[in-house]
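This report concerns only the one structure given below.
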Amino acid sequence: MDADAIKEKANSAAEGITFNDCACETLSQVPDFAMDMAISHMVSAAQEQGVDTICCDFLEANNPMG
C-alpha cells in the first residue's frame, strides 16, 4: 500500500487523530494484511497518551515489534 492510500485510510480511522506524511511513509513498510491492525494500534496508543498527530517518532516509540 502506498503512503497516499495509507494516509487516507489512517486519517479516517479516528476523529481528531491524524497521521503525518512521515508516519504514512513509514507505515508503507507494513504488509497490507497487517495495515488495519497497525493503524488501530497506533490510534489506541495516541488516544491513551493524548496525542492528536502521529509522527515517525510516535510510531517508533509505540511499535509493538520493537
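Chain identifiers are assigned as A, B, and so on, following the order in which chains appear in the C-alpha cells; residues are numbered from 1 within each chain, and ligands are numbered from 1 in order of appearance.
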
Would you mind listing what lies within 12 Å of Gln47 in chain A as a compact mmCIF listing (two decimals) with C-alpha atoms, in the first residue's frame, with only C-alpha atoms counted and same-chain residues fewer than 3 positions away left out?
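As written to disk, part-v8.txt reads:
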```txt
# COMPACT_ATOMS: atom_id res chain seq x y z
CA ALA A 13 -9.64 5.79 11.43
CA ALA A 14 -10.47 8.12 14.33
CA GLU A 15 -11.87 11.60 14.73
CA GLY A 16 -9.24 14.07 15.89
CA ILE A 17 -6.18 11.92 15.21
CA THR A 18 -4.07 12.47 12.12
CA SER A 40 -5.70 0.58 15.07
CA HIS A 41 -2.80 0.02 17.48
CA MET A 42 -1.37 3.48 16.81
CA VAL A 43 -4.77 5.17 17.16
CA SER A 44 -5.33 3.42 20.50
CA GLY A 50 -3.45 12.26 24.50
CA VAL A 51 -1.67 12.63 21.15
CA ASP A 52 -3.51 14.10 18.16
CA THR A 53 -0.82 13.84 15.46
CA ILE A 54 1.02 10.60 14.86
```

DSSP on the backbone, then: every residue of range 8-59 of chain A marked alpha helix (DSSP H), written as an NGL selection string. :A and (8-11 or 21-27 or 35-49 or 56-59)

Output the selection as a CSV table (one decimal), in the first residue's frame - C-alpha atoms for each residue.
```
chain,number,residue,atom,x,y,z
A,8,GLU,CA,-6.4,8.4,3.6
A,9,LYS,CA,-7.1,5.2,5.5
A,10,ALA,CA,-5.3,6.2,8.7
A,11,ASN,CA,-6.7,9.7,8.9
A,21,ASP,CA,3.4,12.3,5.9
A,22,CYS,CA,6.4,10.8,7.6
A,23,ALA,CA,4.3,8.3,9.6
A,24,CYS,CA,2.4,7.2,6.5
A,25,GLU,CA,5.7,6.7,4.6
A,26,THR,CA,7.0,4.6,7.5
A,27,LEU,CA,3.7,2.6,7.6
A,35,MET,CA,-2.2,-2.4,8.0
A,36,ASP,CA,-5.6,-2.2,9.8
A,37,MET,CA,-4.1,-3.7,12.9
A,38,ALA,CA,-1.1,-1.3,12.8
A,39,ILE,CA,-3.3,1.7,12.3
A,40,SER,CA,-5.7,0.6,15.1
A,41,HIS,CA,-2.8,0.0,17.5
A,42,MET,CA,-1.4,3.5,16.8
A,43,VAL,CA,-4.8,5.2,17.2
A,44,SER,CA,-5.3,3.4,20.5
A,45,ALA,CA,-1.9,4.4,21.7
A,46,ALA,CA,-2.5,8.0,20.6
A,47,GLN,CA,-5.8,8.1,22.4
A,48,GLU,CA,-4.3,6.7,25.6
A,49,GLN,CA,-1.4,9.2,25.5
A,56,CYS,CA,7.6,8.9,12.9
A,57,ASP,CA,8.9,9.3,16.4
A,58,PHE,CA,5.5,8.2,17.8
A,59,LEU,CA,5.4,5.2,15.6
```

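Proximity ranking of A:Asn20, A:Ala34, A:Met65, A:Ser28 relative to Ala3 in chain A places A:Ser28 first, based on only C-alpha atoms.
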